[in-house]
file structure.txt (compact mmCIF, C-alpha atoms)
# COMPACT_ATOMS: atom_id res chain seq x y z
CA MET A 123 104.48 115.93 62.52
CA SER A 124 102.35 118.89 61.59
CA ARG A 125 99.42 118.91 59.16
CA HIS A 126 101.51 120.84 56.63
CA ASP A 127 104.30 118.29 56.80
CA ARG A 128 101.87 115.46 56.13
CA LYS A 129 100.61 117.36 53.11
CA LEU A 130 104.11 117.30 51.66
CA PHE A 131 104.11 113.51 51.64
CA THR A 132 100.53 112.87 50.56
CA GLY A 133 100.42 110.10 47.98
CA LEU A 134 103.89 108.80 48.79
CA ARG A 135 104.35 105.28 50.08
CA ARG A 136 107.47 103.53 51.23
CA PRO A 137 108.77 101.12 48.59
CA PRO A 138 108.78 97.50 49.78
CA ALA A 139 111.91 95.39 49.77
CA PRO A 140 112.41 93.70 46.37
CA GLU A 141 111.06 90.17 45.99
CA GLY A 142 114.33 88.34 45.46
CA LEU A 143 116.13 90.12 48.27
CA LYS A 144 114.58 88.08 51.07
CA ALA A 145 115.93 84.74 49.81
CA ARG A 146 119.39 86.21 49.15
CA ALA A 147 119.68 88.05 52.46
CA LEU A 148 118.37 85.19 54.57
CA ARG A 149 120.67 82.71 52.84
CA ALA A 150 123.65 84.88 53.73
CA ALA A 151 122.35 85.39 57.27
CA ARG A 152 121.84 81.66 57.81
CA ALA A 153 125.38 80.99 56.64
CA ALA A 154 126.65 83.63 59.08
CA LEU A 155 124.49 82.24 61.86
CA ALA A 156 125.85 78.73 61.29
CA GLU A 157 129.36 80.10 61.77
CA THR A 158 128.54 81.69 65.10
CA SER A 159 129.20 79.72 68.25
CA PRO A 160 126.24 77.87 69.74
CA ARG A 161 124.12 79.56 72.35
CA PRO A 162 126.24 80.04 75.48
CA GLY A 163 125.44 77.97 78.53
CA LEU A 164 124.31 79.30 81.88
CA ALA A 165 127.85 79.56 83.23
CA GLU A 166 128.99 81.60 80.21
CA ARG A 167 125.99 83.88 80.43
CA LEU A 168 126.62 84.40 84.12
CA TRP A 169 130.26 85.14 83.38
CA ALA A 170 129.17 87.64 80.75
CA SER A 171 127.33 89.63 83.41
CA ARG A 172 129.52 92.42 84.72
CA ARG A 173 127.62 92.64 88.02
CA LEU A 174 127.99 88.94 88.73
CA ARG A 175 131.70 89.07 87.93
CA LEU A 176 132.05 91.98 90.35
CA ALA A 177 130.08 90.13 93.06
CA TRP A 178 132.28 87.08 92.56
CA ALA A 179 135.45 89.17 92.85
CA VAL A 180 134.19 90.84 96.04
CA ALA A 181 133.31 87.46 97.55
CA VAL A 182 136.78 86.09 96.75
CA VAL A 183 138.48 89.14 98.24
CA LEU A 184 136.35 88.86 101.39
CA LEU A 185 137.10 85.14 101.79
CA VAL A 186 140.82 85.70 101.33
CA GLY A 187 140.71 88.58 103.80
CA VAL A 188 138.89 86.53 106.44
CA GLN A 189 141.24 83.61 105.91
CA LEU A 190 144.28 85.85 106.34
CA TYR A 191 142.77 87.47 109.42
CA LEU A 192 142.14 84.10 111.07
CA ALA A 193 145.53 82.71 110.12
CA VAL A 194 147.55 85.55 111.66
CA PRO A 195 149.21 84.37 114.93
CA PRO A 196 148.21 86.15 118.15
CA THR A 197 149.90 89.43 118.65
CA PRO A 198 152.55 89.72 121.39
CA GLN A 199 150.13 91.78 123.45
CA ALA A 200 147.52 89.03 123.23
CA SER A 201 150.13 86.43 124.22
CA ALA A 202 151.04 88.49 127.24
CA SER A 203 147.43 88.67 128.33
CA VAL A 204 147.08 84.89 127.88
CA VAL A 205 150.17 84.30 129.97
CA THR A 206 148.90 86.62 132.68
CA GLU A 207 145.48 84.99 132.74
CA ARG A 208 146.86 81.48 132.91
CA GLN A 209 149.55 82.40 135.40
CA GLU A 210 146.77 83.61 137.67
CA SER A 211 145.10 80.22 137.29
CA LEU A 212 148.36 78.54 138.25
CA ASP A 213 148.72 80.78 141.29
CA LEU A 214 145.17 80.09 142.40
CA LEU A 215 145.22 76.36 141.92
CA PRO A 216 148.84 75.30 141.86
CA GLU A 217 148.13 71.81 142.98
CA ASP A 218 145.56 70.83 140.41
CA PRO A 219 147.38 68.56 137.94
CA GLU A 220 144.51 68.47 135.50
CA LEU A 221 144.49 72.27 135.32
CA MET A 222 148.24 72.27 134.83
CA TYR A 223 147.88 69.75 132.05
CA LEU A 224 145.10 71.72 130.37
CA ILE A 225 147.03 74.97 130.51
CA ARG A 226 150.06 73.23 129.02
CA ARG A 227 147.92 71.51 126.39
CA TYR A 228 146.13 74.65 125.18
CA SER A 229 148.82 77.29 125.57
CA PRO A 230 150.62 78.32 122.40
CA PRO A 231 154.34 77.57 122.43
CA ALA A 232 155.12 81.28 122.28
CA THR A 233 153.75 81.78 125.78
CA GLY A 234 156.40 79.55 127.34
CA LEU A 235 153.78 77.92 129.56
CA SER A 236 153.82 74.64 127.69
CA GLU A 237 157.53 74.34 128.33
CA GLN A 238 157.15 75.38 131.98
CA LEU A 239 154.39 72.83 132.57
CA ARG A 240 155.96 70.03 130.56
CA PRO A 241 155.95 67.57 133.49
CA TYR A 242 152.18 67.65 133.74
CA ARG A 243 150.54 64.81 131.86
CA ASP A 244 146.92 63.97 131.22
CA PRO A 245 145.75 62.57 134.57
CA PHE A 246 143.17 60.42 132.84
CA GLU A 247 145.52 59.00 130.28
CA VAL A 248 145.59 55.23 130.40
CA THR A 249 149.14 54.02 130.30
CA PRO A 250 149.77 50.53 129.07
CA ALA A 251 150.76 48.08 131.75
CA THR A 252 154.42 47.15 131.72
CA MET B 151 113.42 127.10 64.89
CA GLU B 152 109.69 127.54 64.54
CA LEU B 153 109.21 124.04 63.22
CA VAL B 154 111.38 122.42 65.85
CA SER B 155 109.50 123.99 68.72
CA GLU B 156 106.22 123.02 67.08
CA GLU B 157 107.40 119.41 66.88
CA ILE B 158 108.49 119.26 70.47
CA VAL B 159 105.52 120.85 72.20
CA MET B 160 102.85 119.39 69.93
CA PRO B 161 100.62 117.02 71.95
CA ARG B 162 100.56 113.49 70.68
CA GLU B 163 97.42 112.53 68.83
CA THR B 164 95.25 109.51 69.29
CA THR B 165 96.53 107.94 66.09
CA ARG B 166 100.05 108.54 67.30
CA LYS B 167 99.22 106.70 70.51
CA GLY B 168 97.79 103.86 68.46
CA GLN B 169 100.99 103.74 66.41
CA GLU B 170 103.03 103.70 69.60
CA THR B 171 101.14 100.62 70.71
CA ALA B 172 101.80 98.97 67.36
CA ALA B 173 105.48 99.88 67.61
CA ALA B 174 105.64 98.50 71.13
CA ARG B 175 103.97 95.31 69.96
CA ARG B 176 106.45 94.98 67.11
CA ASP B 177 109.34 95.57 69.51
CA GLY B 178 107.95 92.90 71.81
CA GLU B 179 107.74 90.39 68.95
CA LEU B 180 111.22 91.27 67.75
CA ARG B 181 112.60 90.90 71.26
CA GLU B 182 111.22 87.37 71.48
CA LEU B 183 112.65 86.55 68.07
CA PHE B 184 116.04 88.00 69.02
CA ASP B 185 115.99 85.75 72.07
CA GLU B 186 115.14 82.72 69.95
CA LEU B 187 117.70 83.36 67.22
CA ALA B 188 120.21 80.53 67.23
CA PRO B 189 121.79 78.19 64.66
CA ASP B 190 119.07 75.65 65.35
CA ARG B 191 116.22 78.20 65.26
CA LEU B 192 116.50 79.64 61.76
CA GLU B 193 112.79 80.30 61.37
CA ALA B 194 113.21 83.33 63.63
CA LEU B 195 115.10 85.06 60.80
CA ASP B 196 112.09 84.72 58.48
CA ARG B 197 109.80 86.36 60.99
CA ILE B 198 112.29 89.14 61.69
CA TRP B 199 112.40 89.78 57.96
CA ASP B 200 108.63 89.98 57.71
CA LEU B 201 108.43 92.44 60.60
CA ALA B 202 111.25 94.79 59.68
CA ALA B 203 112.68 94.30 56.20
CA ASP B 204 110.56 96.91 54.41
CA ASP B 205 111.49 99.59 56.94
CA LEU B 206 115.16 98.70 56.74
CA TYR B 207 115.14 98.65 52.95
CA GLY B 208 113.41 102.03 52.85
CA LEU B 209 115.95 103.55 55.20
CA ALA B 210 118.84 102.07 53.22
CA LEU B 211 117.34 103.35 49.98
CA TRP B 212 116.80 106.85 51.33
CA ARG B 213 120.27 106.96 52.83
CA THR B 214 122.21 105.56 49.89
CA GLY B 215 119.97 106.79 47.08
CA SER B 216 120.57 103.57 45.19
CA ALA B 217 118.37 100.48 45.00
CA ALA B 218 121.38 98.20 44.39
CA ASP B 219 123.24 99.62 47.38
CA ALA B 220 120.11 99.41 49.52
CA GLU B 221 119.78 95.70 48.75
CA ASP B 222 123.41 95.15 49.73
CA VAL B 223 122.88 97.13 52.92
CA VAL B 224 119.83 95.10 53.98
CA GLN B 225 121.66 91.86 53.28
CA GLU B 226 124.62 93.11 55.31
CA VAL B 227 122.30 94.04 58.18
CA PHE B 228 120.89 90.51 58.34
CA VAL B 229 124.38 89.03 58.23
CA ARG B 230 125.49 91.34 61.07
CA LEU B 231 122.34 90.42 62.97
CA ALA B 232 123.14 86.72 62.61
CA ARG B 233 126.71 87.26 63.78
CA ALA B 234 125.46 89.18 66.80
CA ALA B 235 122.92 86.45 67.65
CA PRO B 236 124.49 85.43 71.00
CA LYS B 237 124.23 89.02 72.26
CA LEU B 238 120.81 89.91 70.85
CA ALA B 239 118.88 88.85 73.94
CA ARG B 240 120.24 91.93 75.69
CA VAL B 241 118.86 94.39 73.10
CA ARG B 242 116.04 96.40 74.65
CA LYS B 243 114.70 98.16 71.55
CA PRO B 244 115.18 95.74 68.66
CA PHE B 245 113.59 97.87 65.94
CA ALA B 246 115.69 100.94 66.75
CA TYR B 247 118.71 98.63 67.01
CA MET B 248 118.11 97.30 63.51
CA LEU B 249 117.56 100.79 62.11
CA SER B 250 120.84 101.83 63.71
CA MET B 251 122.58 98.85 62.10
CA THR B 252 121.08 99.83 58.76
CA HIS B 253 122.27 103.40 59.17
CA ARG B 254 125.83 102.26 59.90
CA ALA B 255 125.86 99.75 57.05
CA ALA B 256 124.55 102.42 54.67
CA VAL B 257 127.21 104.89 55.83
CA ASP B 258 129.86 102.21 55.29
CA THR B 259 128.53 101.61 51.80
CA LEU B 260 128.54 105.32 50.97
CA ARG B 261 132.11 105.66 52.25
CA GLY B 262 133.22 102.85 49.98
CA ASN B 263 131.29 104.18 47.02
CA ARG B 264 131.49 107.96 46.81
CA ARG B 265 129.89 108.18 43.38
CA ARG B 266 126.50 107.44 44.95
CA GLU B 267 126.58 110.81 46.69
CA GLU B 268 125.75 112.43 43.39
CA LEU B 269 122.48 111.00 42.23
CA ALA B 270 122.41 110.88 38.47
CA ALA B 271 118.66 110.44 38.36
CA ALA B 272 115.94 110.62 40.94
CA PRO B 273 115.68 107.12 42.41
CA ALA B 274 112.38 105.60 43.43
CA LEU B 275 112.60 106.70 47.04
CA ALA B 276 108.86 106.45 47.40
CA ILE B 277 105.99 104.96 45.48
CA VAL B 278 103.58 107.53 44.09
CA ASP B 279 99.93 106.52 44.26
CA PRO B 280 98.57 107.33 40.76
CA GLU B 281 94.96 107.13 41.99
CA LEU B 282 95.35 110.25 44.09
CA GLU B 283 94.49 113.71 42.85
CA GLN B 284 97.76 115.01 44.26
CA SER B 285 99.85 112.42 42.45
CA ALA B 286 101.64 115.14 40.49
CA ASP B 287 102.63 116.81 43.76
CA ALA B 288 103.71 113.46 45.16
CA ALA B 289 105.89 112.79 42.14
CA LYS B 290 107.43 116.22 42.54
CA ALA B 291 108.00 115.62 46.27
CA SER B 292 109.66 112.30 45.49
CA ALA B 293 112.01 113.98 43.03
CA LEU B 294 112.79 116.77 45.49
CA LEU B 295 113.48 114.29 48.27
CA ALA B 296 116.18 112.79 46.10
CA GLU B 297 117.92 116.16 46.01
CA LEU B 298 118.17 116.43 49.79
CA PRO B 299 121.48 115.61 51.49
CA PRO B 300 121.49 111.95 52.65
CA GLY B 301 121.50 112.90 56.34
CA GLN B 302 118.39 115.07 55.97
CA ARG B 303 116.66 112.55 53.75
CA GLU B 304 117.29 109.84 56.32
CA VAL B 305 115.74 111.88 59.12
CA VAL B 306 112.66 112.64 57.02
CA TYR B 307 112.28 108.94 56.29
CA LEU B 308 112.63 107.88 59.92
CA ARG B 309 110.24 110.59 61.05
CA HIS B 310 107.59 110.19 58.38
CA PHE B 311 107.70 106.53 57.35
CA ALA B 312 109.20 104.75 60.38
CA ASP B 313 107.39 107.12 62.78
CA LEU B 314 110.29 107.51 65.17
CA THR B 315 110.64 110.34 67.68
CA PHE B 316 113.59 112.70 67.25
CA ARG B 317 115.19 111.12 70.27
CA GLU B 318 114.94 107.69 68.64
CA ILE B 319 116.17 109.09 65.34
CA GLY B 320 119.18 110.59 67.11
CA GLY B 321 119.89 107.23 68.71
CA ALA B 322 119.57 105.34 65.44
CA THR B 323 121.72 107.73 63.43
CA GLY B 324 124.30 108.52 66.09
CA VAL B 325 123.53 112.23 66.44
CA GLY B 326 121.95 114.33 69.16
CA THR B 327 118.20 114.85 69.42
CA PHE B 328 118.43 118.49 68.38
CA THR B 329 120.72 117.70 65.47
CA ALA B 330 118.12 115.24 64.22
CA ALA B 331 115.36 117.81 64.68
CA SER B 332 117.47 120.45 62.97
CA ARG B 333 118.10 118.22 59.96
CA TYR B 334 114.38 117.54 59.73
CA ARG B 335 113.59 121.24 59.96
CA LEU B 336 116.06 122.11 57.20
CA ALA B 337 114.72 119.36 54.95
CA ILE B 338 111.08 120.32 55.47
CA ARG B 339 111.81 124.02 54.97
CA ARG B 340 113.51 123.26 51.69
CA LEU B 341 110.72 120.95 50.53
CA ARG B 342 108.02 123.47 51.49
CA LYS B 343 109.79 126.22 49.64
CA GLN B 344 110.23 124.17 46.49
CA MET B 345 106.72 122.75 46.63
CA GLY B 346 105.20 126.13 47.33
CA VAL B 347 103.50 124.88 50.51
CA GLU B 348 102.70 127.61 53.04
CA PRO B 349 103.90 126.93 56.60
call {"tool": "encode", "arguments": {"input": "structure.txt", "output": "structure tokens"}}
result
Amino acid sequence: MSRHDRKLFTGLRRPPAPEGLKARALRAARAALAETSPRPGLAERLWASRRLRLAWAVAVVLLVGVQLYLAVPPTPQASASVVTERQESLDLLPEDPELMYLIRRYSPPATGLSEQLRPYRDPFEVTPAT
Amino acid sequence: MELVSEEIVMPRETTRKGQETAAARRDGELRELFDELAPDRLEALDRIWDLAADDLYGLALWRTGSAADAEDVVQEVFVRLARAAPKLARVRKPFAYMLSMTHRAAVDTLRGNRRREELAAAPALAIVDPELEQSADAAKASALLAELPPGQREVVYLRHFADLTFREIGGATGVGTFTAASRYRLAIRRLRKQMGVEP
């Protein structure tokens, strides 16, 4: 504000709020305040934050994505590689019953190995005496 | 445009810096009170009143041109403030926020009461100090202020009495910085001309 502008307002003061207004306005404000909901809790305040809501949504999407990724069955190509790998084991050690059992036990049904090696049982399994 | 450029490039004075500190202190206090305001913490309202009511009443009076309307506006501002209590903790500049609320409430009042646009008599927009030698000039200035359009009068009030920057005035009244400066320039030019004050 320039010196000339100040000169225009010399001797002028801002009028104060009237005496009775404070009681009237605060009474109305208190009534309005009583009608408002109580102060929100931590969870509500967190929910009110846009960034936290976004972070929560991203975390959920990531978790769902990882869950779906892990739940997808092996692809046919992967099954073929498993079969090849385990067939090699069978060729190398065809007489090892424990290996046969383990391959049967841990091969997915889709590979066909479990069916092929059905006769092989756990060599350490204790069978009840008859 | 002369006045506008003078306002913008003028270096801030020491007193202005001191006022800035006071304004920042008031904003800090208001921010704490806004954070405290809750149905079980009614005393915060009293302190908010003491810190800001005179400024809000002055703005309402200058905008509406009516003491009765200004009282209604200030009451409405405090009611709106109470209703907004749960969100007030997020307000960064409480004083400017309250001035903005006052502006909107005053505009609402004027919309609902068009007769106030035409002021029948000069209202007491400012108190004239009778002790001063220039009291006659002050009385004349007060009467001339009443003849200004409400938008211009409001900017003069916020600039001179509330000591806001044009940017803050623009924010409080919902117009651009240069619109606020332009309104101020027009008002001051008119007042200078009618008061016979040389630029």
call {"tool": "closest_residue", "arguments": {"input": "structure.txt", "among": "A:Asp218, A:Leu148, A:Tyr191, A:Gly133", "to": "Gln225 (chain B)", "atoms": "only C-alpha atoms"}}
result
A:Leu148
call {"tool": "atom_distance", "arguments": {"input": "structure.txt", "atom1": "CA of His310 (chain B)", "atom2": "CA of Glu182 (chain B)"}}
result
26.6 Å
call {"tool": "atom_distance", "arguments": {"input": "structure.txt", "atom1": "CA of Phe131 (chain A)", "atom2": "CA of His253 (chain B)"}}
result
22.1 Å
call {"tool": "residues_around", "arguments": {"input": "structure.txt", "residues": "region 135-144 of chain A", "least_positions_apart": "4", "cutoff": "12 Å", "atoms": "all atoms listed in the file", "output": "VMD selection string"}}
result
(chain A and resid 131 148 to 152) or (chain B and resid 195 to 212 217 to 226 228 273 to 280 282 285 288 to 289 291 to 292 306 to 308 310 to 312)
call {"tool": "atom_distance", "arguments": {"input": "structure.txt", "atom1": "CA of Ala170 (chain A)", "atom2": "CA of Phe184 (chain B)"}}
result
17.6 Å
call {"tool": "closest_residue", "arguments": {"input": "structure.txt", "among": "A:Ile225, A:Gly187, A:Leu239, A:Ala177", "to": "Glu207 (chain A)", "atoms": "all atoms listed in the file"}}
result
A:Ile225
call {"tool": "closest_residue", "arguments": {"input": "structure.txt", "among": "A:Leu185, A:Leu174, A:Ala147, A:Leu221", "to": "chain B", "atoms": "only C-alpha atoms"}}
result
A:Ala147
call {"tool": "closest_residue", "arguments": {"input": "structure.txt", "among": "A:Leu168, A:Ala145, A:Ala193, A:Leu155", "to": "chain B", "atoms": "all atoms listed in the file"}}
result
A:Leu155
call {"tool": "closest_residue", "arguments": {"input": "structure.txt", "among": "B:Arg242, B:Arg233, B:Arg254, B:Arg213", "to": "Arg181 (chain B)", "atoms": "all atoms listed in the file"}}
result
B:Arg242
call {"tool": "closest_residue", "arguments": {"input": "structure.txt", "among": "A:Val180, A:Lys129, A:Leu134, A:Gly234", "to": "chain B", "atoms": "all atoms listed in the file"}}
result
A:Leu134
call {"tool": "residues_near_point", "arguments": {"input": "structure.txt", "point": "(143.2, 65.5, 133.3)", "cutoff": "9 Å", "atoms": "only C-alpha atoms", "output": "list in words"}}
result
Pro219, Glu220, Leu221, Met222, Tyr223, Leu224, Arg243, Asp244, Pro245, Phe246 and Glu247 of chain A
call {"tool": "decode", "arguments": {"input": "structure.txt", "residues": "region 213-245 of chain B", "atoms": "N, CA and C atoms", "output": "mmCIF file, in the first residue's frame"}}
result
data_model
loop_
_atom_site.group_PDB
_atom_site.id
_atom_site.type_symbol
_atom_site.label_atom_id
_atom_site.label_comp_id
_atom_site.auth_asym_id
_atom_site.auth_seq_id
_atom_site.Cartn_x
_atom_site.Cartn_y
_atom_site.Cartn_z
ATOM 1 N N ARG B 213 -18.997 -5.642 2.658
ATOM 2 C CA ARG B 213 -19.529 -6.332 1.485
ATOM 3 C C ARG B 213 -21.038 -6.117 1.352
ATOM 4 N N THR B 214 -21.755 -6.214 2.475
ATOM 5 C CA THR B 214 -23.214 -6.108 2.388
ATOM 6 C C THR B 214 -23.689 -4.662 2.498
ATOM 7 N N GLY B 215 -22.922 -3.821 3.189
ATOM 8 C CA GLY B 215 -23.342 -2.441 3.373
ATOM 9 C C GLY B 215 -24.466 -2.306 4.374
ATOM 10 N N SER B 216 -24.673 -3.320 5.191
ATOM 11 C CA SER B 216 -25.760 -3.271 6.160
ATOM 12 C C SER B 216 -25.307 -3.939 7.454
ATOM 13 N N ALA B 217 -25.478 -3.229 8.565
ATOM 14 C CA ALA B 217 -25.052 -3.782 9.857
ATOM 15 C C ALA B 217 -25.869 -5.027 10.207
ATOM 16 N N ALA B 218 -27.181 -4.982 9.911
ATOM 17 C CA ALA B 218 -28.040 -6.133 10.250
ATOM 18 C C ALA B 218 -27.624 -7.361 9.437
ATOM 19 N N ASP B 219 -27.376 -7.135 8.141
ATOM 20 C CA ASP B 219 -26.943 -8.256 7.293
ATOM 21 C C ASP B 219 -25.575 -8.764 7.733
ATOM 22 N N ALA B 220 -24.703 -7.847 8.110
ATOM 23 C CA ALA B 220 -23.352 -8.252 8.532
ATOM 24 C C ALA B 220 -23.428 -9.136 9.770
ATOM 25 N N GLU B 221 -24.312 -8.805 10.689
ATOM 26 C CA GLU B 221 -24.466 -9.649 11.889
ATOM 27 C C GLU B 221 -24.946 -11.044 11.494
ATOM 28 N N ASP B 222 -25.916 -11.080 10.591
ATOM 29 C CA ASP B 222 -26.414 -12.399 10.136
ATOM 30 C C ASP B 222 -25.303 -13.193 9.456
ATOM 31 N N VAL B 223 -24.491 -12.484 8.677
ATOM 32 C CA VAL B 223 -23.406 -13.161 7.949
ATOM 33 C C VAL B 223 -22.409 -13.766 8.931
ATOM 34 N N VAL B 224 -22.007 -12.994 9.936
ATOM 35 C CA VAL B 224 -21.016 -13.497 10.898
ATOM 36 C C VAL B 224 -21.588 -14.692 11.658
ATOM 37 N N GLN B 225 -22.847 -14.601 12.032
ATOM 38 C CA GLN B 225 -23.468 -15.744 12.720
ATOM 39 C C GLN B 225 -23.470 -16.976 11.810
ATOM 40 N N GLU B 226 -23.795 -16.759 10.549
ATOM 41 C CA GLU B 226 -23.826 -17.860 9.590
ATOM 42 C C GLU B 226 -22.424 -18.468 9.409
ATOM 43 N N VAL B 227 -21.419 -17.608 9.418
ATOM 44 C CA VAL B 227 -20.040 -18.110 9.278
ATOM 45 C C VAL B 227 -19.689 -19.029 10.444
ATOM 46 N N PHE B 228 -20.065 -18.634 11.654
ATOM 47 C CA PHE B 228 -19.733 -19.485 12.805
ATOM 48 C C PHE B 228 -20.541 -20.782 12.789
ATOM 49 N N VAL B 229 -21.751 -20.724 12.290
ATOM 50 C CA VAL B 229 -22.537 -21.963 12.169
ATOM 51 C C VAL B 229 -21.888 -22.887 11.128
ATOM 52 N N ARG B 230 -21.485 -22.309 9.997
ATOM 53 C CA ARG B 230 -20.829 -23.120 8.948
ATOM 54 C C ARG B 230 -19.520 -23.702 9.471
ATOM 55 N N LEU B 231 -18.812 -22.893 10.250
ATOM 56 C CA LEU B 231 -17.549 -23.346 10.828
ATOM 57 C C LEU B 231 -17.787 -24.549 11.739
ATOM 58 N N ALA B 232 -18.829 -24.463 12.543
ATOM 59 C CA ALA B 232 -19.151 -25.567 13.467
ATOM 60 C C ALA B 232 -19.522 -26.819 12.681
ATOM 61 N N ARG B 233 -20.286 -26.631 11.614
ATOM 62 C CA ARG B 233 -20.688 -27.806 10.817
ATOM 63 C C ARG B 233 -19.489 -28.445 10.125
ATOM 64 N N ALA B 234 -18.504 -27.617 9.813
ATOM 65 C CA ALA B 234 -17.319 -28.134 9.107
ATOM 66 C C ALA B 234 -16.256 -28.628 10.084
ATOM 67 N N ALA B 235 -16.580 -28.658 11.378
ATOM 68 C CA ALA B 235 -15.571 -28.973 12.410
ATOM 69 C C ALA B 235 -14.746 -30.235 12.108
ATOM 70 N N PRO B 236 -15.381 -31.346 11.687
ATOM 71 C CA PRO B 236 -14.561 -32.548 11.460
ATOM 72 C C PRO B 236 -13.493 -32.385 10.379
ATOM 73 N N LYS B 237 -13.690 -31.402 9.478
ATOM 74 C CA LYS B 237 -12.726 -31.253 8.382
ATOM 75 C C LYS B 237 -11.742 -30.102 8.621
ATOM 76 N N LEU B 238 -11.937 -29.355 9.687
ATOM 77 C CA LEU B 238 -11.155 -28.132 9.869
ATOM 78 C C LEU B 238 -9.662 -28.382 10.105
ATOM 79 N N ALA B 239 -9.335 -29.567 10.606
ATOM 80 C CA ALA B 239 -7.920 -29.836 10.890
ATOM 81 C C ALA B 239 -7.079 -29.804 9.621
ATOM 82 N N ARG B 240 -7.727 -29.933 8.472
ATOM 83 C CA ARG B 240 -6.972 -29.955 7.213
ATOM 84 C C ARG B 240 -6.753 -28.561 6.629
ATOM 85 N N VAL B 241 -7.388 -27.534 7.240
ATOM 86 C CA VAL B 241 -7.277 -26.172 6.701
ATOM 87 C C VAL B 241 -5.881 -25.625 6.994
ATOM 88 N N ARG B 242 -5.205 -25.153 5.972
ATOM 89 C CA ARG B 242 -3.826 -24.693 6.151
ATOM 90 C C ARG B 242 -3.756 -23.219 6.533
ATOM 91 N N LYS B 243 -4.683 -22.407 5.981
ATOM 92 C CA LYS B 243 -4.668 -20.979 6.309
ATOM 93 C C LYS B 243 -6.033 -20.611 6.889
ATOM 94 N N PRO B 244 -6.197 -20.788 8.179
ATOM 95 C CA PRO B 244 -7.521 -20.636 8.793
ATOM 96 C C PRO B 244 -8.122 -19.238 8.628
ATOM 97 N N PHE B 245 -7.287 -18.201 8.761
ATOM 98 C CA PHE B 245 -7.845 -16.849 8.691
ATOM 99 C C PHE B 245 -8.389 -16.571 7.284
#
